[in-house]
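Participant: So that you have it, the file is entry-v9.cif, and it contains mmCIF, C-alpha atoms:
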data_run
#
loop_
_atom_site.group_PDB
_atom_site.id
_atom_site.type_symbol
_atom_site.label_atom_id
_atom_site.label_comp_id
_atom_site.auth_asym_id
_atom_site.auth_seq_id
_atom_site.Cartn_x
_atom_site.Cartn_y
_atom_site.Cartn_z
ATOM 1 C CA MET A 1 63.177 44.875 59.714
ATOM 2 C CA LYS A 2 65.592 41.985 60.104
ATOM 3 C CA GLY A 3 66.647 43.312 63.494
ATOM 4 C CA HIS A 4 63.010 43.517 64.584
ATOM 5 C CA LEU A 5 62.339 39.943 63.483
ATOM 6 C CA ALA A 6 65.457 38.742 65.261
ATOM 7 C CA ALA A 7 64.310 40.449 68.469
ATOM 8 C CA VAL A 8 60.865 38.872 68.171
ATOM 9 C CA GLY A 9 62.474 35.499 67.592
ATOM 10 C CA LEU A 10 64.631 35.922 70.668
ATOM 11 C CA LEU A 11 61.606 36.803 72.804
ATOM 12 C CA ILE A 12 59.727 33.763 71.525
ATOM 13 C CA ALA A 13 62.708 31.561 72.297
ATOM 14 C CA LEU A 14 63.043 33.018 75.779
ATOM 15 C CA PHE A 15 59.370 32.590 76.604
ATOM 16 C CA THR A 16 59.339 29.101 75.116
ATOM 17 C CA GLY A 17 62.263 28.200 77.325
ATOM 18 C CA VAL A 18 60.481 29.548 80.388
ATOM 19 C CA ASP A 19 57.316 27.629 79.541
ATOM 20 C CA GLY A 20 59.365 24.485 78.948
ATOM 21 C CA GLN A 21 60.879 24.713 82.414
ATOM 22 C CA ARG A 22 57.801 25.909 84.238
ATOM 23 C CA CYS A 23 56.201 22.523 84.797
ATOM 24 C CA LEU A 24 59.352 20.963 86.202
ATOM 25 C CA ASP A 25 60.091 23.999 88.348
ATOM 26 C CA THR A 26 56.630 24.153 89.874
ATOM 27 C CA ALA A 27 55.749 20.455 89.954
ATOM 28 C CA LYS A 28 55.151 18.982 93.369
ATOM 29 C CA GLU A 29 57.150 15.940 94.392
ATOM 30 C CA ILE A 30 55.586 13.448 96.780
ATOM 31 C CA LYS A 31 57.815 10.683 98.061
ATOM 32 C CA PRO A 32 56.572 7.095 98.191
ATOM 33 C CA VAL A 33 55.880 5.419 101.511
ATOM 34 C CA LEU A 34 58.732 2.935 101.970
ATOM 35 C CA SER A 35 59.778 0.612 104.749
ATOM 36 C CA GLU A 36 63.008 1.351 106.610
ATOM 37 C CA GLU A 37 64.535 -1.758 105.053
ATOM 38 C CA ARG A 38 63.610 -0.627 101.546
ATOM 39 C CA ILE A 39 64.946 2.882 102.165
ATOM 40 C CA ALA A 40 68.251 1.449 103.383
ATOM 41 C CA GLU A 41 68.425 -0.821 100.341
ATOM 42 C CA PHE A 42 67.798 2.050 97.924
ATOM 43 C CA GLN A 43 70.216 4.378 99.684
ATOM 44 C CA GLY A 44 72.880 1.709 99.426
ATOM 45 C CA ARG A 45 72.247 1.334 95.715
ATOM 46 C CA ILE A 46 72.265 5.096 95.222
ATOM 47 C CA HIS A 47 75.627 5.312 97.006
ATOM 48 C CA ASN A 48 77.067 2.602 94.761
ATOM 49 C CA GLU A 49 75.564 4.032 91.580
ATOM 50 C CA ARG A 50 76.708 7.550 92.465
ATOM 51 C CA THR A 51 80.255 6.271 92.994
ATOM 52 C CA GLU A 52 80.256 4.653 89.559
ATOM 53 C CA TYR A 53 78.685 7.765 88.056
ATOM 54 C CA SER A 54 81.306 10.059 89.595
ATOM 55 C CA ILE A 55 84.036 7.999 87.932
ATOM 56 C CA ASN A 56 82.318 7.751 84.536
ATOM 57 C CA PRO A 57 79.497 10.335 84.273
ATOM 58 C CA ASP A 58 79.278 9.793 80.529
ATOM 59 C CA ASN A 59 78.561 6.070 80.846
ATOM 60 C CA LEU A 60 74.992 5.324 79.756
ATOM 61 C CA THR A 61 74.486 2.503 82.246
ATOM 62 C CA ASN A 62 75.650 4.681 85.135
ATOM 63 C CA ILE A 63 73.331 7.508 84.079
ATOM 64 C CA VAL A 64 70.273 5.286 83.752
ATOM 65 C CA TRP A 65 70.711 3.362 87.006
ATOM 66 C CA LEU A 66 71.534 6.353 89.178
ATOM 67 C CA GLY A 67 68.472 8.114 87.827
ATOM 68 C CA ARG A 68 66.271 5.069 88.358
ATOM 69 C CA PHE A 69 67.239 4.554 91.990
ATOM 70 C CA LEU A 70 66.922 8.247 92.784
ATOM 71 C CA ALA A 71 63.392 8.074 91.397
ATOM 72 C CA TYR A 72 62.555 4.974 93.464
ATOM 73 C CA THR A 73 63.151 7.067 96.595
ATOM 74 C CA GLY A 74 60.977 9.904 95.294
ATOM 75 C CA GLU A 75 63.834 12.136 94.125
ATOM 76 C CA TYR A 76 62.163 12.599 90.751
ATOM 77 C CA LYS A 77 63.615 16.016 89.956
ATOM 78 C CA ALA A 78 67.112 14.847 90.884
ATOM 79 C CA ALA A 79 66.629 11.866 88.561
ATOM 80 C CA ILE A 80 65.526 14.158 85.748
ATOM 81 C CA LYS A 81 68.639 16.292 86.262
ATOM 82 C CA ILE A 82 70.856 13.210 85.987
ATOM 83 C CA TYR A 83 69.113 12.271 82.741
ATOM 84 C CA THR A 84 69.321 15.821 81.389
ATOM 85 C CA ASP A 85 73.037 15.995 82.164
ATOM 86 C CA GLY A 86 73.445 12.561 80.622
ATOM 87 C CA LEU A 87 72.038 13.785 77.328
ATOM 88 C CA ASN A 88 75.040 16.104 77.016
ATOM 89 C CA TRP A 89 77.165 12.953 76.724
ATOM 90 C CA ASN A 90 74.617 10.734 74.983
ATOM 91 C CA PRO A 91 72.281 12.950 72.926
ATOM 92 C CA ARG A 92 70.980 10.045 70.854
ATOM 93 C CA ALA A 93 70.367 7.537 73.649
ATOM 94 C CA PRO A 94 66.690 6.476 73.602
ATOM 95 C CA GLU A 95 67.136 4.962 77.075
ATOM 96 C CA ILE A 96 67.610 8.391 78.640
ATOM 97 C CA TYR A 97 64.615 9.911 76.874
ATOM 98 C CA ARG A 98 62.529 6.886 77.886
ATOM 99 C CA HIS A 99 63.370 7.187 81.597
ATOM 100 C CA ARG A 100 63.197 10.964 81.713
ATOM 101 C CA GLY A 101 59.842 10.766 79.954
ATOM 102 C CA HIS A 102 58.569 8.375 82.617
ATOM 103 C CA ARG A 103 59.558 10.763 85.395
ATOM 104 C CA TYR A 104 57.995 13.709 83.625
ATOM 105 C CA ILE A 105 54.768 11.672 83.751
ATOM 106 C CA THR A 106 55.293 11.156 87.483
ATOM 107 C CA LEU A 107 55.578 14.925 87.946
ATOM 108 C CA ARG A 108 52.481 15.509 85.756
ATOM 109 C CA CYS A 109 54.570 17.261 83.086
ATOM 110 C CA PHE A 110 52.774 15.435 80.293
ATOM 111 C CA ASP A 111 53.863 17.693 77.417
ATOM 112 C CA ASP A 112 57.511 17.263 78.387
ATOM 113 C CA ALA A 113 56.983 13.513 78.662
ATOM 114 C CA ILE A 114 55.490 13.372 75.179
ATOM 115 C CA LYS A 115 58.435 15.271 73.687
ATOM 116 C CA ASP A 116 60.923 12.893 75.278
ATOM 117 C CA LEU A 117 59.056 9.715 74.422
ATOM 118 C CA GLU A 118 58.412 10.819 70.825
ATOM 119 C CA LYS A 119 62.154 11.470 70.559
ATOM 120 C CA ALA A 120 62.883 8.022 71.984
ATOM 121 C CA ALA A 121 60.446 6.441 69.516
ATOM 122 C CA ALA A 122 62.210 8.160 66.625
ATOM 123 C CA LEU A 123 65.624 6.980 67.854
ATOM 124 C CA ILE A 124 64.608 3.297 68.019
ATOM 125 C CA LYS A 125 63.109 3.224 64.544
ATOM 126 C CA GLY A 126 64.540 0.324 62.551
ATOM 127 C CA LYS A 127 66.622 -0.963 65.460
ATOM 128 C CA PRO A 128 66.353 -4.323 67.234
ATOM 129 C CA ASP A 129 64.604 -4.367 70.589
ATOM 130 C CA GLU A 130 66.330 -5.273 73.851
ATOM 131 C CA ILE A 131 65.279 -6.528 77.263
ATOM 132 C CA GLU A 132 65.073 -3.837 79.922
ATOM 133 C CA LEU A 133 66.252 -5.025 83.317
ATOM 134 C CA ASP A 134 63.986 -4.323 86.295
ATOM 135 C CA GLY A 135 65.143 -2.056 89.078
ATOM 136 C CA LEU A 136 62.406 -3.578 91.241
ATOM 137 C CA PRO A 137 62.491 -7.253 90.186
ATOM 138 C CA ASN A 138 59.306 -9.329 90.237
ATOM 139 C CA ALA A 139 58.907 -12.513 92.254
ATOM 140 C CA LYS A 140 60.621 -14.608 89.582
ATOM 141 C CA ASN A 141 63.279 -12.007 88.779
ATOM 142 C CA ILE A 142 62.325 -12.254 85.109
ATOM 143 C CA PRO A 143 62.070 -8.935 83.206
ATOM 144 C CA THR A 144 58.753 -8.644 81.383
ATOM 145 C CA SER A 145 59.361 -5.527 79.300
ATOM 146 C CA THR A 146 61.767 -4.177 76.720
ATOM 147 C CA LEU A 147 63.179 -0.796 75.818
ATOM 148 C CA GLN A 148 60.814 -0.386 72.882
ATOM 149 C CA SER A 149 57.695 -1.660 74.652
ATOM 150 C CA ASN A 150 58.368 0.741 77.521
ATOM 151 C CA ILE A 151 58.826 3.690 75.184
ATOM 152 C CA TRP A 152 55.532 3.064 73.392
ATOM 153 C CA TYR A 153 53.702 2.134 76.608
ATOM 154 C CA HIS A 154 54.696 5.341 78.387
ATOM 155 C CA LEU A 155 54.038 7.444 75.286
ATOM 156 C CA GLY A 156 50.547 5.972 75.060
ATOM 157 C CA LEU A 157 50.008 6.747 78.723
ATOM 158 C CA ALA A 158 51.185 10.359 78.373
ATOM 159 C CA TYR A 159 48.773 10.974 75.507
ATOM 160 C CA TYR A 160 45.987 9.174 77.390
ATOM 161 C CA LEU A 161 46.492 11.378 80.435
ATOM 162 C CA LYS A 162 46.268 14.441 78.202
ATOM 163 C CA GLY A 163 42.966 13.159 76.822
ATOM 164 C CA ASP A 164 44.478 12.718 73.347
ATOM 165 C CA PHE A 165 43.055 9.259 72.882
ATOM 166 C CA LYS A 166 43.722 8.983 69.139
ATOM 167 C CA ARG A 167 47.454 9.447 69.597
ATOM 168 C CA ALA A 168 47.352 7.231 72.676
ATOM 169 C CA LEU A 169 45.807 4.470 70.573
ATOM 170 C CA ASN A 170 48.492 4.814 67.912
ATOM 171 C CA ALA A 171 51.162 4.391 70.590
ATOM 172 C CA TYR A 172 49.466 1.364 72.145
ATOM 173 C CA ASN A 173 49.106 -0.215 68.705
ATOM 174 C CA GLU A 174 52.869 0.167 68.259
ATOM 175 C CA CYS A 175 53.424 -1.175 71.764
ATOM 176 C CA GLU A 176 51.405 -4.273 70.936
ATOM 177 C CA LYS A 177 53.871 -5.110 68.154
ATOM 178 C CA VAL A 178 56.720 -5.399 70.677
ATOM 179 C CA SER A 179 54.751 -6.901 73.588
ATOM 180 C CA LYS A 180 56.178 -10.396 73.282
ATOM 181 C CA ASN A 181 55.265 -12.009 76.607
ATOM 182 C CA PRO A 182 51.925 -12.467 78.423
ATOM 183 C CA ASP A 183 52.590 -9.831 81.093
ATOM 184 C CA MET A 184 53.478 -7.048 78.681
ATOM 185 C CA LEU A 185 50.704 -8.061 76.284
ATOM 186 C CA VAL A 186 48.060 -7.941 79.019
ATOM 187 C CA ALA A 187 49.234 -4.511 80.204
ATOM 188 C CA THR A 188 49.233 -3.120 76.669
ATOM 189 C CA LYS A 189 45.882 -4.636 75.770
ATOM 190 C CA HIS A 190 44.284 -3.246 78.908
ATOM 191 C CA TRP A 191 45.241 0.354 78.095
ATOM 192 C CA GLN A 192 44.471 -0.181 74.425
ATOM 193 C CA TYR A 193 40.981 -1.416 75.315
ATOM 194 C CA MET A 194 40.334 1.483 77.695
ATOM 195 C CA THR A 195 41.504 3.952 75.053
ATOM 196 C CA LEU A 196 39.177 2.504 72.416
ATOM 197 C CA ARG A 197 36.273 2.697 74.855
ATOM 198 C CA ARG A 198 37.047 6.335 75.604
ATOM 199 C CA LEU A 199 36.994 6.949 71.840
ATOM 200 C CA GLY A 200 33.519 5.370 71.691
ATOM 201 C CA ARG A 201 34.781 2.485 69.537
ATOM 202 C CA LYS A 202 33.109 -0.305 71.473
ATOM 203 C CA ASP A 203 33.209 -2.985 68.762
ATOM 204 C CA GLU A 204 36.914 -2.435 68.085
ATOM 205 C CA ALA A 205 37.602 -2.557 71.803
ATOM 206 C CA LYS A 206 35.794 -5.875 72.114
ATOM 207 C CA LYS A 207 37.696 -7.291 69.157
ATOM 208 C CA SER A 208 41.039 -6.082 70.548
ATOM 209 C CA ILE A 209 40.877 -8.495 73.506
ATOM 210 C CA GLU A 210 39.094 -11.443 71.879
ATOM 211 C CA ALA A 211 42.310 -13.424 71.427
ATOM 212 C CA ILE A 212 43.412 -13.072 75.060
ATOM 213 C CA PRO A 213 42.932 -16.572 76.547
ATOM 214 C CA ALA A 214 41.427 -17.211 79.970
ATOM 215 C CA ASP A 215 44.386 -19.258 81.236
ATOM 216 C CA LEU A 216 47.460 -17.070 80.767
ATOM 217 C CA GLN A 217 50.350 -17.676 83.147
ATOM 218 C CA LEU A 218 51.470 -14.281 84.405
ATOM 219 C CA ILE A 219 54.262 -13.099 86.656
ATOM 220 C CA GLU A 220 53.060 -9.677 87.768
ATOM 221 C CA ASN A 221 50.211 -8.062 85.811
ATOM 222 C CA ASP A 222 47.326 -9.910 87.448
ATOM 223 C CA ASP A 223 45.199 -6.797 87.989
ATOM 224 C CA TYR A 224 45.236 -5.900 84.298
ATOM 225 C CA TYR A 225 44.311 -9.504 83.503
ATOM 226 C CA LYS A 226 41.383 -9.435 85.946
ATOM 227 C CA LEU A 227 40.107 -6.285 84.262
ATOM 228 C CA ILE A 228 40.439 -7.797 80.794
ATOM 229 C CA LYS A 229 38.380 -10.763 81.977
ATOM 230 C CA LEU A 230 35.793 -8.286 83.219
ATOM 231 C CA TYR A 231 35.723 -6.589 79.829
ATOM 232 C CA LYS A 232 35.301 -9.990 78.174
ATOM 233 C CA GLY A 233 32.353 -10.805 80.458
ATOM 234 C CA ILE A 234 34.016 -13.720 82.261
ATOM 235 C CA ALA A 235 34.655 -11.910 85.559
ATOM 236 C CA SER A 236 32.224 -10.212 87.896
ATOM 237 C CA GLY A 237 32.261 -6.463 88.269
ATOM 238 C CA ASP A 238 30.754 -6.758 91.734
ATOM 239 C CA ALA A 239 33.473 -9.190 92.793
ATOM 240 C CA LEU A 240 36.228 -6.873 91.557
ATOM 241 C CA LEU A 241 34.596 -3.887 93.230
ATOM 242 C CA LYS A 242 34.505 -5.856 96.476
ATOM 243 C CA GLU A 243 38.169 -6.789 96.017
ATOM 244 C CA PHE A 244 39.033 -3.134 95.440
ATOM 245 C CA GLY A 245 37.250 -2.157 98.632
ATOM 246 C CA GLU A 246 39.064 -4.788 100.668
ATOM 247 C CA LYS A 247 42.559 -4.298 99.251
ATOM 248 C CA PRO A 248 45.088 -2.428 101.391
ATOM 249 C CA ASP A 249 46.481 0.790 99.952
ATOM 250 C CA SER A 250 48.831 -0.334 97.186
ATOM 251 C CA VAL A 251 49.715 0.118 93.529
ATOM 252 C CA SER A 252 47.557 -2.932 92.881
ATOM 253 C CA ARG A 253 44.526 -1.228 94.457
ATOM 254 C CA ALA A 254 45.062 1.929 92.388
ATOM 255 C CA THR A 255 45.425 -0.143 89.207
ATOM 256 C CA LEU A 256 42.287 -2.163 89.785
ATOM 257 C CA GLY A 257 40.335 0.858 90.982
ATOM 258 C CA TYR A 258 41.185 2.963 87.959
ATOM 259 C CA GLY A 259 40.074 0.229 85.573
ATOM 260 C CA LEU A 260 36.745 -0.014 87.403
ATOM 261 C CA GLY A 261 36.328 3.756 87.556
ATOM 262 C CA ASN A 262 37.119 4.161 83.886
ATOM 263 C CA ARG A 263 34.507 1.497 83.100
ATOM 264 C CA TYR A 264 31.939 3.572 84.944
ATOM 265 C CA LEU A 265 33.068 6.617 82.983
ATOM 266 C CA TYR A 266 32.572 5.172 79.520
ATOM 267 C CA HIS A 267 29.170 3.865 80.623
ATOM 268 C CA ASN A 268 28.243 7.457 81.519
ATOM 269 C CA MET A 269 28.105 6.690 85.245
ATOM 270 C CA ARG A 270 29.961 9.850 86.265
ATOM 271 C CA ASN A 271 28.998 9.809 89.939
ATOM 272 C CA GLU A 272 30.219 6.237 90.397
ATOM 273 C CA ALA A 273 33.434 7.013 88.501
ATOM 274 C CA THR A 274 34.036 10.109 90.599
ATOM 275 C CA LYS A 275 33.511 8.166 93.827
ATOM 276 C CA ILE A 276 36.046 5.481 92.982
ATOM 277 C CA PHE A 277 38.589 7.989 91.637
ATOM 278 C CA ARG A 278 38.377 9.889 94.911
ATOM 279 C CA GLU A 279 38.923 6.673 96.836
ATOM 280 C CA ILE A 280 42.104 6.084 94.838
ATOM 281 C CA LEU A 281 43.313 9.616 95.570
ATOM 282 C CA ALA A 282 42.666 9.081 99.260
ATOM 283 C CA GLY A 283 45.520 6.552 99.155
ATOM 284 C CA LYS A 284 49.247 7.202 98.984
ATOM 285 C CA GLN A 285 50.139 5.738 95.578
ATOM 286 C CA TRP A 286 50.881 9.167 94.121
ATOM 287 C CA ALA A 287 53.383 7.942 91.516
ATOM 288 C CA SER A 288 51.328 4.987 90.279
ATOM 289 C CA PHE A 289 49.675 5.161 86.882
ATOM 290 C CA GLY A 290 46.252 4.312 88.317
ATOM 291 C CA TYR A 291 46.496 7.231 90.731
ATOM 292 C CA ILE A 292 47.732 9.665 88.058
ATOM 293 C CA ALA A 293 44.978 8.610 85.641
ATOM 294 C CA ALA A 294 42.283 8.939 88.327
ATOM 295 C CA GLU A 295 43.627 12.392 89.192
ATOM 296 C CA ALA A 296 43.632 13.477 85.536
ATOM 297 C CA ASP A 297 40.073 12.248 84.961
ATOM 298 C CA LEU A 298 38.792 13.927 88.109
ATOM 299 C CA MET A 299 40.225 17.210 86.880
ATOM 300 C CA LYS A 300 38.449 16.766 83.541
ATOM 301 C CA LEU A 301 35.181 15.867 85.290
ATOM 302 C CA SER A 302 35.356 19.006 87.403
ATOM 303 C CA ASN A 303 35.769 21.316 84.389
#
Give the structure from this file in structure tokens form.
Facilitator:
Amino acid sequence: MKGHLAAVGLLIALFTGVDGQRCLDTAKEIKPVLSEERIAEFQGRIHNERTEYSINPDNLTNIVWLGRFLAYTGEYKAAIKIYTDGLNWNPRAPEIYRHRGHRYITLRCFDDAIKDLEKAAALIKGKPDEIELDGLPNAKNIPTSTLQSNIWYHLGLAYYLKGDFKRALNAYNECEKVSKNPDMLVATKHWQYMTLRRLGRKDEAKKSIEAIPADLQLIENDDYYKLIKLYKGIASGDALLKEFGEKPDSVSRATLGYGLGNRYLYHNMRNEATKIFREILAGKQWASFGYIAAEADLMKLSN
């Protein structure tokens, strides 16, 4: 009997392992559209980071930055391999789980992302937060996020994309606690609001953004701020729809478009939501969160 149970256990473990790898193995990988100058810049950084990594492959900084720059060029699976190898040296590093979780989201491996980001959240419990440097600095070269805010933000997103809005809300509520500057707060509040609306909790959603002032000074999250003003009734939906239509293909267009499409969705305007989601998917922002969310919602609408 014990032998039989052991055999069953082995089969379960084997099939679980196969299932765990299946998404990564079969996931498509679409590279971003980059200028020649940007490609040269990233390739230079990858060369430098790979040199440092080859000397000290166990160094956490080397692992994180090589993986990040590989991902910026669209080498998402290569980045995930660097992170996975890095966990052999640093099994309790929340930074690695955070970045690998992000790239699992990029590859639409949402269950794998959730596992990593839940692990990262457990590892940061009771620890002080720290600024996370930007690989793609904003105009002022001032980082606007932290390790902990990024863990909770990406975890909320992974649950949201799965349609698990209750767990997404819990993550965004935690993210709000560590969103200490206007840019991060606006980003968190935007997804928190959208999640509450998808849960049908309109009054709570309205209350969640009441304290956001109309004169915040932001560095980079202007599209989220425009959408929050729309939700508060101090911006025009028609004006934002016009702006979406006139914007060139960009992450900004996907971000703004998804917020508008999601608004149609929770007002039961499925045809309008579908139209704008398809417009987003006609662009080339495959790795952007607006694109991924539009794609996920279109799949749900078609079922």
Participant: Could you list the residues chosen by the PyMOL selection byres ((chain A and resi 285-287) around 8) in this structure as JSON, numbers by chain?
Facilitator: {"A": [30, 32, 106, 249, 250, 251, 254, 281, 283, 284, 288, 289, 291, 292]}
Participant: Taking only C-alpha atoms into account, which of A:Tyr76, A:Tyr53, A:Tyr172, A:Tyr224 comes nearest Leu155 of chain A?
Facilitator: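 Of the candidates, the smallest distance to Leu155 of chain A is held by A:Tyr172.
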Participant: Can you measure atom CA of Pro57 of chain A to atom CA of Glu75 of chain A for me? One decimal in Å is fine.
Facilitator: 18.6 Å
Participant: On this structure, which residues satisfy the PyMOL selection byres ((chain A and resi 145) around 12), written as a PyMOL selection string?
Facilitator: chain A and resi 129-135+137-138+142-144+146-154+175-176+178-188+219-221
Participant: For Arg197 of chain A, please output as a VMD selection string all residues within 12 Å (counting all atoms listed in the file; exclusion window: fewer than 6 positions along the same chain).
Facilitator: chain A and resid 160 165 to 166 169 190 to 191 203 to 208 231 259 262 to 268
Participant: Can you tell me, as a PDB file with C-alpha atoms, in the frame of the given file, what residues are no more than 8 Å from Lys162 of chain A when counting all atoms listed in the file, ignoring any on the same chain fewer than 4 positions away?
Facilitator:
ATOM      1  CA  PHE A 110      52.774  15.435  80.293  1.00  0.00           C
ATOM      2  CA  ALA A 158      51.185  10.359  78.373  1.00  0.00           C
ATOM      3  CA  ALA A 296      43.632  13.477  85.536  1.00  0.00           C
TER       4      ALA A 296
END
Participant: Quick one: of A:Lys125, A:Arg45, A:Lys300, A:Arg108, who's nearest to Thr274 of chain A, counting only C-alpha atoms?
Facilitator: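 Answer, going by the shortest atom-to-atom distance: A:Lys300.
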Participant: Of the candidates A:Phe244, A:Leu66, A:Lys28, A:Gly261, which one gets nearest to Thr51 of chain A if we count only C-alpha atoms?
Facilitator: A:Leu66
Participant: For a quick check of understanding, using all atoms listed in the file, which of A:Ile46, A:Tyr159, A:Ser35, A:Gln217 has the smallest distance to Asp112 of chain A?
Facilitator: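 Checking each candidate against Asp112 of chain A, we get A:Tyr159 as the closest.
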Participant: With the file shown as input, list the residues that the PyMOL selection byres ((chain A and resi 24) around 8) selects, as an mmCIF file with C-alpha atoms, in the coordinates of the input.
Facilitator:
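After the write, out.cif holds the following:
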data_model
loop_
_atom_site.group_PDB
_atom_site.id
_atom_site.type_symbol
_atom_site.label_atom_id
_atom_site.label_comp_id
_atom_site.auth_asym_id
_atom_site.auth_seq_id
_atom_site.Cartn_x
_atom_site.Cartn_y
_atom_site.Cartn_z
ATOM 1 C CA GLN A 21 60.879 24.713 82.414
ATOM 2 C CA ARG A 22 57.801 25.909 84.238
ATOM 3 C CA CYS A 23 56.201 22.523 84.797
ATOM 4 C CA ASP A 25 60.091 23.999 88.348
ATOM 5 C CA THR A 26 56.630 24.153 89.874
ATOM 6 C CA ALA A 27 55.749 20.455 89.954
ATOM 7 C CA LYS A 77 63.615 16.016 89.956
ATOM 8 C CA TYR A 104 57.995 13.709 83.625
ATOM 9 C CA LEU A 107 55.578 14.925 87.946
ATOM 10 C CA CYS A 109 54.570 17.261 83.086
#
Participant: Measure the distance from atom CA of Ala235 of chain A to atom CA of Arg201 of chain A in Å and round it to one decimal.
Facilitator: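 Calculated distance between atom CA of Ala235 of chain A and atom CA of Arg201 of chain A is 21.5 Å.
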Participant: How many Å lie between atom CA of Ala139 of chain A and atom CA of His47 of chain A, rounded to one decimal?
Facilitator: 24.9 Å
Participant: Rank A:Ala282, A:Ile114, A:Leu199, A:Asn173 by their smallest atom-to-atom distance to Glu295 of chain A, using only C-alpha atoms, and report the top residue only.
Facilitator: A:Ala282
Participant: Using only C-alpha atoms, which residue out of A:Asp222, A:Glu37, A:Glu118, A:Asp215 lies closest to Gly101 of chain A?
Facilitator: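 With only C-alpha atoms as the atom set, the closest residue is A:Glu118.
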